[in-house]
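*Asks:* So here's model-v1.pdb, just PDB, C-alpha atoms and all ligand atoms:
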```
ATOM      1  CA  MET A  55     102.172 104.278  96.222
ATOM      2  CA  ARG A  56     104.517 101.294  95.986
ATOM      3  CA  TYR A  57     107.992 101.803  94.589
ATOM      4  CA  ASN A  58     111.296  99.978  94.635
ATOM      5  CA  ILE A  59     114.617 101.721  94.052
ATOM      6  CA  LEU A  60     117.050  99.450  92.161
ATOM      7  CA  GLY A  61     119.526 102.295  91.715
ATOM      8  CA  SER A  62     119.585 106.049  92.336
ATOM      9  CA  SER A  63     122.923 107.788  91.876
ATOM     10  CA  SER A  64     125.449 108.630  89.178
ATOM     11  CA  LYS A  65     126.258 104.887  89.165
ATOM     12  CA  GLY A  66     122.818 103.958  87.838
ATOM     13  CA  ASN A  67     119.163 104.909  88.126
ATOM     14  CA  LEU A  68     116.045 102.772  87.999
ATOM     15  CA  ILE A  69     112.890 102.874  90.130
ATOM     16  CA  VAL A  70     110.052 100.365  89.728
ATOM     17  CA  VAL A  71     106.608 101.894  90.440
ATOM     18  CA  GLU A  72     103.582  99.659  91.161
ATOM     19  CA  ASP A  73     105.258  96.823  89.174
ATOM     20  CA  ILE A  74     104.215  98.354  85.832
ATOM     21  CA  LEU A  75     106.259 101.530  85.388
ATOM     22  CA  LEU A  76     110.032 101.908  85.270
ATOM     23  CA  LEU A  77     111.588 105.310  85.894
ATOM     24  CA  ASP A  78     114.824 105.331  83.900
ATOM     25  CA  CYS A  79     116.809 102.313  82.847
ATOM     26  CA  GLY A  80     120.353 102.655  84.136
ATOM     27  CA  VAL A  81     121.021  99.336  85.883
ATOM     28  CA  SER A  82     122.139  95.953  84.576
ATOM     29  CA  TYR A  83     119.708  93.620  82.844
ATOM     30  CA  ARG A  84     120.518  90.929  85.413
ATOM     31  CA  LYS A  85     119.370  93.176  88.266
ATOM     32  CA  LEU A  86     116.204  94.254  86.448
ATOM     33  CA  LYS A  87     115.152  90.899  84.984
ATOM     34  CA  PRO A  88     113.014  89.648  87.932
ATOM     35  CA  TYR A  89     110.709  92.677  87.535
ATOM     36  CA  LEU A  90     110.284  92.753  83.782
ATOM     37  CA  SER A  91     107.401  90.304  83.264
ATOM     38  CA  LYS A  92     104.892  92.802  84.752
ATOM     39  CA  VAL A  93     106.356  96.022  83.317
ATOM     40  CA  LYS A  94     104.229  97.875  80.751
ATOM     41  CA  LEU A  95     106.022 101.217  80.375
ATOM     42  CA  ILE A  96     109.573 102.531  80.687
ATOM     43  CA  PHE A  97     110.183 106.276  81.030
ATOM     44  CA  ILE A  98     113.681 107.468  80.116
ATOM     45  CA  SER A  99     114.451 111.017  81.243
ATOM     46  CA  HIS A 100     117.640 111.642  79.254
ATOM     47  CA  GLU A 101     120.489 109.998  77.405
ATOM     48  CA  HIS A 102     123.224 109.862  80.089
ATOM     49  CA  SER A 103     124.414 106.323  80.717
ATOM     50  CA  ASP A 104     123.399 106.300  84.403
ATOM     51  CA  HIS A 105     119.788 106.658  83.125
ATOM     52  CA  LEU A 106     120.018 104.739  79.863
ATOM     53  CA  ASN A 107     122.070 101.541  79.902
ATOM     54  CA  LYS A 108     122.380 100.562  76.241
ATOM     55  CA  LYS A 109     122.996  96.867  76.912
ATOM     56  CA  THR A 110     119.981  96.649  79.220
ATOM     57  CA  ILE A 111     117.743  98.365  76.650
ATOM     58  CA  LYS A 112     118.919  95.990  73.948
ATOM     59  CA  GLN A 113     118.060  92.934  76.078
ATOM     60  CA  ILE A 114     114.634  94.341  77.032
ATOM     61  CA  VAL A 115     113.760  95.052  73.412
ATOM     62  CA  TYR A 116     114.796  91.534  72.435
ATOM     63  CA  ASN A 117     113.175  89.611  75.304
ATOM     64  CA  TYR A 118     110.104  91.772  76.081
ATOM     65  CA  PRO A 119     109.088  93.261  72.725
ATOM     66  CA  THR A 120     105.695  94.555  73.956
ATOM     67  CA  ILE A 121     107.077  96.899  76.645
ATOM     68  CA  LYS A 122     106.548 100.544  75.665
ATOM     69  CA  PHE A 123     109.012 103.402  76.049
ATOM     70  CA  VAL A 124     108.216 107.024  76.845
ATOM     71  CA  THR A 125     110.597 109.960  76.503
ATOM     72  CA  GLY A 126     110.712 113.599  75.451
ATOM     73  CA  SER A 127     114.365 113.487  74.430
ATOM     74  CA  SER A 128     115.414 113.119  70.805
ATOM     75  CA  GLY A 129     118.768 111.730  72.024
ATOM     76  CA  VAL A 130     116.974 108.953  73.897
ATOM     77  CA  ALA A 131     114.710 108.251  70.915
ATOM     78  CA  LYS A 132     117.767 107.906  68.695
ATOM     79  CA  GLU A 133     119.405 105.483  71.122
ATOM     80  CA  LEU A 134     116.224 103.393  71.389
ATOM     81  CA  ALA A 135     116.190 103.104  67.598
ATOM     82  CA  LEU A 136     119.846 102.024  67.616
ATOM     83  CA  GLN A 137     118.970  99.307  70.132
ATOM     84  CA  LYS A 138     116.237  98.109  67.722
ATOM     85  CA  ALA A 139     113.172  99.194  69.705
ATOM     86  CA  ASN A 140     110.053  98.951  67.518
ATOM     87  CA  TYR A 141     109.095 102.540  66.673
ATOM     88  CA  LYS A 142     105.426 101.646  67.386
ATOM     89  CA  ASN A 143     106.397 101.102  71.032
ATOM     90  CA  VAL A 144     108.352 104.339  71.404
ATOM     91  CA  TYR A 145     106.308 107.389  72.425
ATOM     92  CA  ILE A 146     108.167 110.653  71.964
ATOM     93  CA  LEU A 147     105.987 113.125  73.855
ATOM     94  CA  ASP A 148     105.757 116.904  73.894
ATOM     95  CA  TRP A 149     106.263 118.342  77.338
ATOM     96  CA  GLY A 150     103.363 120.078  79.086
ATOM     97  CA  LYS A 151     100.621 117.872  77.558
ATOM     98  CA  THR A 152      98.795 115.019  79.298
ATOM     99  CA  TYR A 153      98.705 111.696  77.442
ATOM    100  CA  ASP A 154      96.372 108.822  78.270
ATOM    101  CA  LEU A 155      98.292 105.585  77.715
ATOM    102  CA  GLY A 156      95.576 103.218  78.903
ATOM    103  CA  ALA A 157      96.080 102.294  82.545
ATOM    104  CA  ILE A 158      98.433 105.185  83.099
ATOM    105  CA  LYS A 159      98.341 108.897  82.299
ATOM    106  CA  VAL A 160     101.606 110.783  81.835
ATOM    107  CA  LYS A 161     102.872 114.339  81.378
ATOM    108  CA  LEU A 162     106.442 115.547  80.873
ATOM    109  CA  ASP A 163     107.949 118.728  82.255
ATOM    110  CA  TYR A 164     111.109 120.506  81.138
ATOM    111  CA  LEU A 165     114.268 120.173  83.270
ATOM    112  CA  TYR A 166     117.567 122.108  83.293
ATOM    113  CA  HIS A 167     120.551 119.805  82.681
ATOM    114  CA  ASP A 168     123.460 119.729  80.213
ATOM    115  CA  VAL A 169     121.430 117.603  77.773
ATOM    116  CA  GLU A 170     117.701 117.564  76.950
ATOM    117  CA  ASN A 171     115.975 116.143  80.038
ATOM    118  CA  TYR A 172     112.418 115.782  81.352
ATOM    119  CA  ALA A 173     110.517 115.099  84.556
ATOM    120  CA  LEU A 174     107.602 112.652  84.546
ATOM    121  CA  HIS A 175     104.186 113.221  86.131
ATOM    122  CA  TRP A 176     102.074 110.054  86.164
ATOM    123  CA  GLU A 177      98.643 109.012  87.359
ATOM    124  CA  TYR A 178      97.777 105.375  88.019
ATOM    125  CA  LYS A 179      94.670 104.045  89.789
ATOM    126  CA  GLY A 180      93.780 107.583  90.891
ATOM    127  CA  LYS A 181      97.194 108.262  92.454
ATOM    128  CA  LYS A 182      99.687 110.808  91.223
ATOM    129  CA  GLY A 183     103.463 110.835  91.242
ATOM    130  CA  LEU A 184     106.339 113.012  90.084
ATOM    131  CA  TYR A 185     109.894 111.946  89.174
ATOM    132  CA  ALA A 186     112.545 114.634  88.625
ATOM    133  CA  VAL A 187     116.328 114.108  88.495
ATOM    134  CA  ASP A 188     119.408 115.792  87.031
ATOM    135  CA  THR A 189     118.183 119.380  86.992
ATOM    136  CA  CYS A 190     119.565 122.580  88.505
ATOM    137  CA  ARG A 191     116.041 124.032  88.916
ATOM    138  CA  ILE A 192     112.616 122.657  89.781
ATOM    139  CA  ASP A 193     110.589 125.800  90.587
ATOM    140  CA  GLN A 194     109.210 125.747  87.005
ATOM    141  CA  ILE A 195     107.171 122.638  87.901
ATOM    142  CA  GLU A 196     103.818 122.622  89.649
ATOM    143  CA  ALA A 197     102.631 119.350  91.194
ATOM    144  CA  LYS A 198     100.310 120.125  94.097
ATOM    145  CA  ASN A 199      99.040 117.425  96.435
ATOM    146  CA  TYR A 200     100.563 114.437  94.680
ATOM    147  CA  ASP A 201     100.743 111.069  96.418
ATOM    148  CA  LEU A 202     104.454 110.558  95.764
ATOM    149  CA  TYR A 203     107.410 112.800  94.937
ATOM    150  CA  LEU A 204     110.691 111.201  93.840
ATOM    151  CA  ILE A 205     112.957 114.248  93.751
ATOM    152  CA  GLU A 206     116.682 114.705  93.309
ATOM    153  CA  ALA A 207     118.513 116.066  96.353
ATOM    154  CA  ASN A 208     122.022 115.730  94.955
ATOM    155  CA  TYR A 209     124.043 117.957  97.256
ATOM    156  CA  LYS A 210     123.901 120.287 100.239
ATOM    157  CA  GLU A 211     124.789 123.816  99.142
ATOM    158  CA  GLU A 212     127.135 124.511 102.046
ATOM    159  CA  LEU A 213     128.948 121.187 101.699
ATOM    160  CA  LEU A 214     129.478 121.631  97.956
ATOM    161  CA  GLU A 215     130.880 125.113  98.608
ATOM    162  CA  TYR A 216     133.200 123.715 101.286
ATOM    163  CA  HIS A 217     134.482 121.021  98.908
ATOM    164  CA  LYS A 218     135.085 123.659  96.199
ATOM    165  CA  GLN A 219     137.024 125.918  98.550
ATOM    166  CA  ASN A 220     139.195 123.040  99.737
ATOM    167  CA  CYS A 221     139.724 121.326  96.409
ATOM    168  CA  THR A 222     143.359 121.074  95.261
ATOM    169  CA  ASP A 223     142.852 118.979  92.141
ATOM    170  CA  ASP A 224     141.943 120.781  88.876
ATOM    171  CA  ASN A 225     139.975 117.890  87.387
ATOM    172  CA  GLU A 226     138.061 117.498  90.591
ATOM    173  CA  LEU A 227     137.329 121.240  90.717
ATOM    174  CA  PHE A 228     136.079 121.159  87.133
ATOM    175  CA  TYR A 229     133.600 118.472  88.171
ATOM    176  CA  LEU A 230     132.568 120.291  91.363
ATOM    177  CA  ASN A 231     131.992 123.554  89.459
ATOM    178  CA  ARG A 232     129.598 121.716  87.160
ATOM    179  CA  VAL A 233     127.421 120.294  89.927
ATOM    180  CA  ASP A 234     125.256 123.322  90.720
ATOM    181  CA  SER A 235     124.407 123.972  87.063
ATOM    182  CA  THR A 236     123.377 120.358  86.394
ATOM    183  CA  HIS A 237     121.978 118.942  89.659
ATOM    184  CA  LEU A 238     119.439 119.872  92.325
ATOM    185  CA  SER A 239     120.407 120.856  95.848
ATOM    186  CA  TRP A 240     118.685 119.489  98.940
ATOM    187  CA  GLU A 241     117.628 123.077  99.739
ATOM    188  CA  LYS A 242     115.872 123.571  96.380
ATOM    189  CA  ALA A 243     114.271 120.119  96.638
ATOM    190  CA  ASN A 244     112.899 121.075 100.061
ATOM    191  CA  ASP A 245     111.514 124.421  98.814
ATOM    192  CA  PHE A 246     109.718 122.544  96.070
ATOM    193  CA  LEU A 247     108.329 119.909  98.442
ATOM    194  CA  ILE A 248     107.102 122.531 100.925
ATOM    195  CA  ASN A 249     105.324 124.407  98.107
ATOM    196  CA  ASN A 250     103.687 121.321  96.628
ATOM    197  CA  MET A 251     103.089 118.598  99.240
ATOM    198  CA  GLY A 252      99.677 118.039 100.796
ATOM    199  CA  ASP A 253      98.767 116.318 104.076
ATOM    200  CA  ASN A 254      98.958 112.798 102.624
ATOM    201  CA  SER A 255     101.901 113.240 100.261
ATOM    202  CA  GLU A 256     105.021 111.097 100.520
ATOM    203  CA  TYR A 257     108.467 111.996  99.242
ATOM    204  CA  GLN A 258     111.814 110.348  98.667
ATOM    205  CA  TYR A 259     115.108 112.106  97.960
ATOM    206  CA  ILE A 260     116.939 110.490  95.063
ATOM    207  CA  HIS A 261     120.164 110.763  93.004
ATOM    208  CA  GLN A 262     122.221 111.830  96.025
ATOM    209  CA  SER A 263     125.971 112.322  95.934
ATOM    210  CA  ASN A 264     127.628 110.511  98.833
ATOM    211  CA  TYR A 265     130.398 113.099  98.734
ATOM    212  CA  ASN A 266     128.419 116.346  98.443
ATOM    213  CA  PHE A 267     125.353 115.270 100.402
ATOM    214  CA  LYS A 268     126.644 112.958 103.119
ATOM    215  CA  ASN A 269     130.311 114.036 103.097
ATOM    216  CA  GLU A 270     131.497 110.462 102.584
ATOM    217  CA  GLU A 271     134.889 109.830 101.014
ATOM    218  CA  LYS A 272     135.084 109.819  97.232
ATOM    219  CA  GLU A 273     135.489 106.336  95.840
ATOM    220  CA  ASN A 274     137.705 107.313  92.930
TER     221      ASN A 274
HETATM  222 ZN    ZN B 301     122.187 111.176  86.533
HETATM  223 ZN    ZN B 302     122.490 113.387  83.602
END
```
Could you show the structure in this file as structure tokens?
*Replies:*
Amino acid sequence: MRYNILGSSSKGNLIVVEDILLLDCGVSYRKLKPYLSKVKLIFISHEHSDHLNKKTIKQIVYNYPTIKFVTGSSGVAKELALQKANYKNVYILDWGKTYDLGAIKVKLDYLYHDVENYALHWEYKGKKGLYAVDTCRIDQIEAKNYDLYLIEANYKEELLEYHKQNCTDDNELFYLNRVDSTHLSWEKANDFLINNMGDNSEYQYIHQSNYNFKNEEKEN
């Protein structure tokens, strides 16, 4: 399955799938614009600004009024209304049910974050995908033998622990202590992939922290 990552971190998230589906909308309008003429559906997982860029949404609604939005989050729905999205183009779905939206079928699954957040299962031209970010657990989801898994692998458990032990700044420690209750570790992502992938499945780790995954210097 074709996909193009325009952003995947706490600085901004947006993945274009098969030209027609956007997974989250957390990058600038300028960056996204070249892709928009073919887009039919935008899934927004939750209301955090790295997944929902208000200015970008406003421009999309104004310039591409037929694009549809899908979410399970009431916070996202509220923000879409504030940015003047036509309510007829906003689908607020119940999680656990499959919806046929024409060319594409979708199902939401519940995620564990500090605001209401959902994973997206989709099926397009007979191929299945799963997108799950910003969750401290994923073992509640079943997605056997999918073609593509786009799964958060935010931090390595040992590296996060090391950074916590060696942290001397209280604000920094507050942030580090929050990570394992709001984001998915590489280890948990791998357990999930091993349990669900089939012989022809592909996967991509997303929403990685350069600091807690790759041990790169913090930028701020
Ligand atoms: Zn995020
Ligand atoms: Zn978030």
*Asks:* One decimal, Å: what's the distance from CA of Leu184 in chain A over to CA of Val115 in chain A, could you say?
*Replies:* 25.6 Å
*Asks:* Could you list, as a list in words, every residue within 7 Å of Lys122 in chain A, counting only C-alpha atoms and ignoring same-chain residues fewer than 5 positions away?
*Replies:*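 These residues fall inside the cut-off: Lys94, Leu95, Ile96, Asn143 and Val144 of chain A.
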*Asks:* Show me which residues are within 7 Å of ligand ZN 302 (chain B) counting only C-alpha atoms and all ligand atoms, and format the list as a short mmCIF file (atom, residue, chain, number, x, y, z; two decimals) with C-alpha atoms, in the frame of the given file.
*Replies:*
```
data_model
loop_
_atom_site.label_atom_id
_atom_site.label_comp_id
_atom_site.auth_asym_id
_atom_site.auth_seq_id
_atom_site.Cartn_x
_atom_site.Cartn_y
_atom_site.Cartn_z
CA HIS A 100 117.64 111.64 79.25
CA HIS A 102 123.22 109.86 80.09
CA HIS A 167 120.55 119.80 82.68
CA ASP A 188 119.41 115.79 87.03
#
```
*Asks:* Step by step, work through what the PyMOL selection byres (((not hetatm)) within 8 of (chain B and resi 301)) selects in the shown file, and finish by giving those residues as a list in words.
*Replies:*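 Those residues are Ser63, Ser64, Lys65, Gly66, Asn67, His102, Ser103, Asp104, His105, Val187, Asp188 and His261 of chain A.
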*Asks:* So, counting only C-alpha atoms, which residue among A:Gly80, A:Gly126, A:Gly156, A:Gly61 is closest to Tyr172 in chain A?
*Replies:*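 Of A:Gly80, A:Gly126, A:Gly156, A:Gly61, the one nearest Tyr172 in chain A, counting only C-alpha atoms, is A:Gly126.
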*Asks:* If we count all atoms listed in the file, what is near Phe123 in chain A at a cut-off of 10 Å, once residues fewer than 5 positions away on the same chain are taken out, given as a list in words?
*Replies:*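 Returned residues: Leu75, Leu76, Asp78, Lys94, Leu95, Ile96, Phe97, Ile98, Val115, Val130, Ala131, Leu134, Ala139, Asn140, Tyr141, Lys142, Asn143, Val144, Tyr145 and Ile146 of chain A.
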*Asks:* Apply the PyMOL selection byres (((chain A and resi 73) around 12) and not hetatm) to the displayed file and report the matching residues as a PyMOL selection string.
*Replies:* chain A and resi 55-59+69-72+74-77+86+88-96+178
*Asks:* For Asn208 in chain A, which residue among A:Gln262, A:Thr125, A:Thr120, A:Gln137 is the nearest when counting all atoms listed in the file?
*Replies:* A:Gln262
*Asks:* Have a look at CA of Tyr209 in chain A and CA of Tyr166 in chain A and let me know their distance in Å, one decimal.
*Replies:* 15.9 Å
*Asks:* CA of Glu211 in chain A to CA of Ala197 in chain A: how many Å, to one decimal?
*Replies:*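 According to the coordinates, CA of Glu211 in chain A and CA of Ala197 in chain A are separated by 24.0 Å.
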*Asks:* Output requested as a PDB file, in the frame of the given file - range 222-254 of chain A, filled out with N, CA and C atoms.
*Replies:*
```pdb
ATOM      1  N   THR A 222     142.013 120.775  95.753  1.00  0.00           N
ATOM      2  CA  THR A 222     143.359 121.074  95.261  1.00  0.00           C
ATOM      3  C   THR A 222     143.629 120.448  93.887  1.00  0.00           C
ATOM      4  N   ASP A 223     142.651 119.690  93.399  1.00  0.00           N
ATOM      5  CA  ASP A 223     142.852 118.979  92.141  1.00  0.00           C
ATOM      6  C   ASP A 223     142.006 119.638  91.045  1.00  0.00           C
ATOM      7  N   ASP A 224     142.642 120.031  89.930  1.00  0.00           N
ATOM      8  CA  ASP A 224     141.943 120.781  88.876  1.00  0.00           C
ATOM      9  C   ASP A 224     140.797 120.004  88.237  1.00  0.00           C
ATOM     10  N   ASN A 225     141.029 118.713  87.997  1.00  0.00           N
ATOM     11  CA  ASN A 225     139.975 117.890  87.387  1.00  0.00           C
ATOM     12  C   ASN A 225     138.768 117.786  88.314  1.00  0.00           C
ATOM     13  N   GLU A 226     139.100 117.592  89.564  1.00  0.00           N
ATOM     14  CA  GLU A 226     138.061 117.498  90.591  1.00  0.00           C
ATOM     15  C   GLU A 226     137.268 118.811  90.680  1.00  0.00           C
ATOM     16  N   LEU A 227     137.972 119.924  90.630  1.00  0.00           N
ATOM     17  CA  LEU A 227     137.329 121.240  90.717  1.00  0.00           C
ATOM     18  C   LEU A 227     136.424 121.486  89.509  1.00  0.00           C
ATOM     19  N   PHE A 228     136.886 121.044  88.352  1.00  0.00           N
ATOM     20  CA  PHE A 228     136.079 121.159  87.133  1.00  0.00           C
ATOM     21  C   PHE A 228     134.739 120.446  87.337  1.00  0.00           C
ATOM     22  N   TYR A 229     134.811 119.247  87.897  1.00  0.00           N
ATOM     23  CA  TYR A 229     133.600 118.472  88.171  1.00  0.00           C
ATOM     24  C   TYR A 229     132.724 119.183  89.217  1.00  0.00           C
ATOM     25  N   LEU A 230     133.345 119.643  90.285  1.00  0.00           N
ATOM     26  CA  LEU A 230     132.568 120.291  91.363  1.00  0.00           C
ATOM     27  C   LEU A 230     131.877 121.567  90.868  1.00  0.00           C
ATOM     28  N   ASN A 231     132.566 122.307  89.987  1.00  0.00           N
ATOM     29  CA  ASN A 231     131.992 123.554  89.459  1.00  0.00           C
ATOM     30  C   ASN A 231     130.782 123.300  88.550  1.00  0.00           C
ATOM     31  N   ARG A 232     130.686 122.084  88.060  1.00  0.00           N
ATOM     32  CA  ARG A 232     129.598 121.716  87.160  1.00  0.00           C
ATOM     33  C   ARG A 232     128.338 121.301  87.932  1.00  0.00           C
ATOM     34  N   VAL A 233     128.531 120.905  89.181  1.00  0.00           N
ATOM     35  CA  VAL A 233     127.421 120.294  89.927  1.00  0.00           C
ATOM     36  C   VAL A 233     126.211 121.217  90.054  1.00  0.00           C
ATOM     37  N   ASP A 234     126.442 122.495  90.433  1.00  0.00           N
ATOM     38  CA  ASP A 234     125.256 123.322  90.720  1.00  0.00           C
ATOM     39  C   ASP A 234     124.567 123.869  89.463  1.00  0.00           C
ATOM     40  N   SER A 235     125.141 123.607  88.277  1.00  0.00           N
ATOM     41  CA  SER A 235     124.407 123.972  87.063  1.00  0.00           C
ATOM     42  C   SER A 235     123.761 122.754  86.398  1.00  0.00           C
ATOM     43  N   THR A 236     123.940 121.569  87.005  1.00  0.00           N
ATOM     44  CA  THR A 236     123.377 120.358  86.394  1.00  0.00           C
ATOM     45  C   THR A 236     122.557 119.501  87.373  1.00  0.00           C
ATOM     46  N   HIS A 237     122.681 119.772  88.657  1.00  0.00           N
ATOM     47  CA  HIS A 237     121.978 118.942  89.659  1.00  0.00           C
ATOM     48  C   HIS A 237     121.234 119.796  90.679  1.00  0.00           C
ATOM     49  N   LEU A 238     120.311 119.152  91.398  1.00  0.00           N
ATOM     50  CA  LEU A 238     119.439 119.872  92.325  1.00  0.00           C
ATOM     51  C   LEU A 238     119.946 119.751  93.758  1.00  0.00           C
ATOM     52  N   SER A 239     119.986 120.876  94.441  1.00  0.00           N
ATOM     53  CA  SER A 239     120.407 120.856  95.848  1.00  0.00           C
ATOM     54  C   SER A 239     119.257 120.381  96.738  1.00  0.00           C
ATOM     55  N   TRP A 240     119.639 119.905  97.891  1.00  0.00           N
ATOM     56  CA  TRP A 240     118.685 119.489  98.940  1.00  0.00           C
ATOM     57  C   TRP A 240     117.789 120.682  99.315  1.00  0.00           C
ATOM     58  N   GLU A 241     118.387 121.872  99.364  1.00  0.00           N
ATOM     59  CA  GLU A 241     117.628 123.077  99.739  1.00  0.00           C
ATOM     60  C   GLU A 241     116.529 123.374  98.707  1.00  0.00           C
ATOM     61  N   LYS A 242     116.878 123.295  97.417  1.00  0.00           N
ATOM     62  CA  LYS A 242     115.872 123.571  96.380  1.00  0.00           C
ATOM     63  C   LYS A 242     114.812 122.475  96.343  1.00  0.00           C
ATOM     64  N   ALA A 243     115.240 121.229  96.579  1.00  0.00           N
ATOM     65  CA  ALA A 243     114.271 120.119  96.638  1.00  0.00           C
ATOM     66  C   ALA A 243     113.272 120.375  97.772  1.00  0.00           C
ATOM     67  N   ASN A 244     113.774 120.816  98.906  1.00  0.00           N
ATOM     68  CA  ASN A 244     112.899 121.075 100.061  1.00  0.00           C
ATOM     69  C   ASN A 244     111.931 122.220  99.796  1.00  0.00           C
ATOM     70  N   ASP A 245     112.415 123.302  99.163  1.00  0.00           N
ATOM     71  CA  ASP A 245     111.514 124.421  98.814  1.00  0.00           C
ATOM     72  C   ASP A 245     110.366 123.912  97.944  1.00  0.00           C
ATOM     73  N   PHE A 246     110.736 123.085  96.976  1.00  0.00           N
ATOM     74  CA  PHE A 246     109.718 122.544  96.070  1.00  0.00           C
ATOM     75  C   PHE A 246     108.710 121.685  96.833  1.00  0.00           C
ATOM     76  N   LEU A 247     109.223 120.817  97.699  1.00  0.00           N
ATOM     77  CA  LEU A 247     108.329 119.909  98.442  1.00  0.00           C
ATOM     78  C   LEU A 247     107.386 120.700  99.354  1.00  0.00           C
ATOM     79  N   ILE A 248     107.931 121.711 100.026  1.00  0.00           N
ATOM     80  CA  ILE A 248     107.102 122.531 100.925  1.00  0.00           C
ATOM     81  C   ILE A 248     105.990 123.232 100.140  1.00  0.00           C
ATOM     82  N   ASN A 249     106.321 123.707  98.939  1.00  0.00           N
ATOM     83  CA  ASN A 249     105.324 124.407  98.107  1.00  0.00           C
ATOM     84  C   ASN A 249     104.268 123.494  97.520  1.00  0.00           C
ATOM     85  N   ASN A 250     104.579 122.207  97.382  1.00  0.00           N
ATOM     86  CA  ASN A 250     103.687 121.321  96.628  1.00  0.00           C
ATOM     87  C   ASN A 250     103.014 120.211  97.434  1.00  0.00           C
ATOM     88  N   MET A 251     103.638 119.755  98.516  1.00  0.00           N
ATOM     89  CA  MET A 251     103.089 118.598  99.240  1.00  0.00           C
ATOM     90  C   MET A 251     101.787 118.929  99.960  1.00  0.00           C
ATOM     91  N   GLY A 252     100.893 117.941  99.999  1.00  0.00           N
ATOM     92  CA  GLY A 252      99.677 118.039 100.796  1.00  0.00           C
ATOM     93  C   GLY A 252      99.803 117.161 102.037  1.00  0.00           C
ATOM     94  N   ASP A 253      98.726 117.048 102.799  1.00  0.00           N
ATOM     95  CA  ASP A 253      98.767 116.318 104.076  1.00  0.00           C
ATOM     96  C   ASP A 253      99.134 114.848 103.901  1.00  0.00           C
ATOM     97  N   ASN A 254      98.726 114.240 102.788  1.00  0.00           N
ATOM     98  CA  ASN A 254      98.958 112.798 102.624  1.00  0.00           C
ATOM     99  C   ASN A 254     100.064 112.465 101.629  1.00  0.00           C
TER     100      ASN A 254
END
```
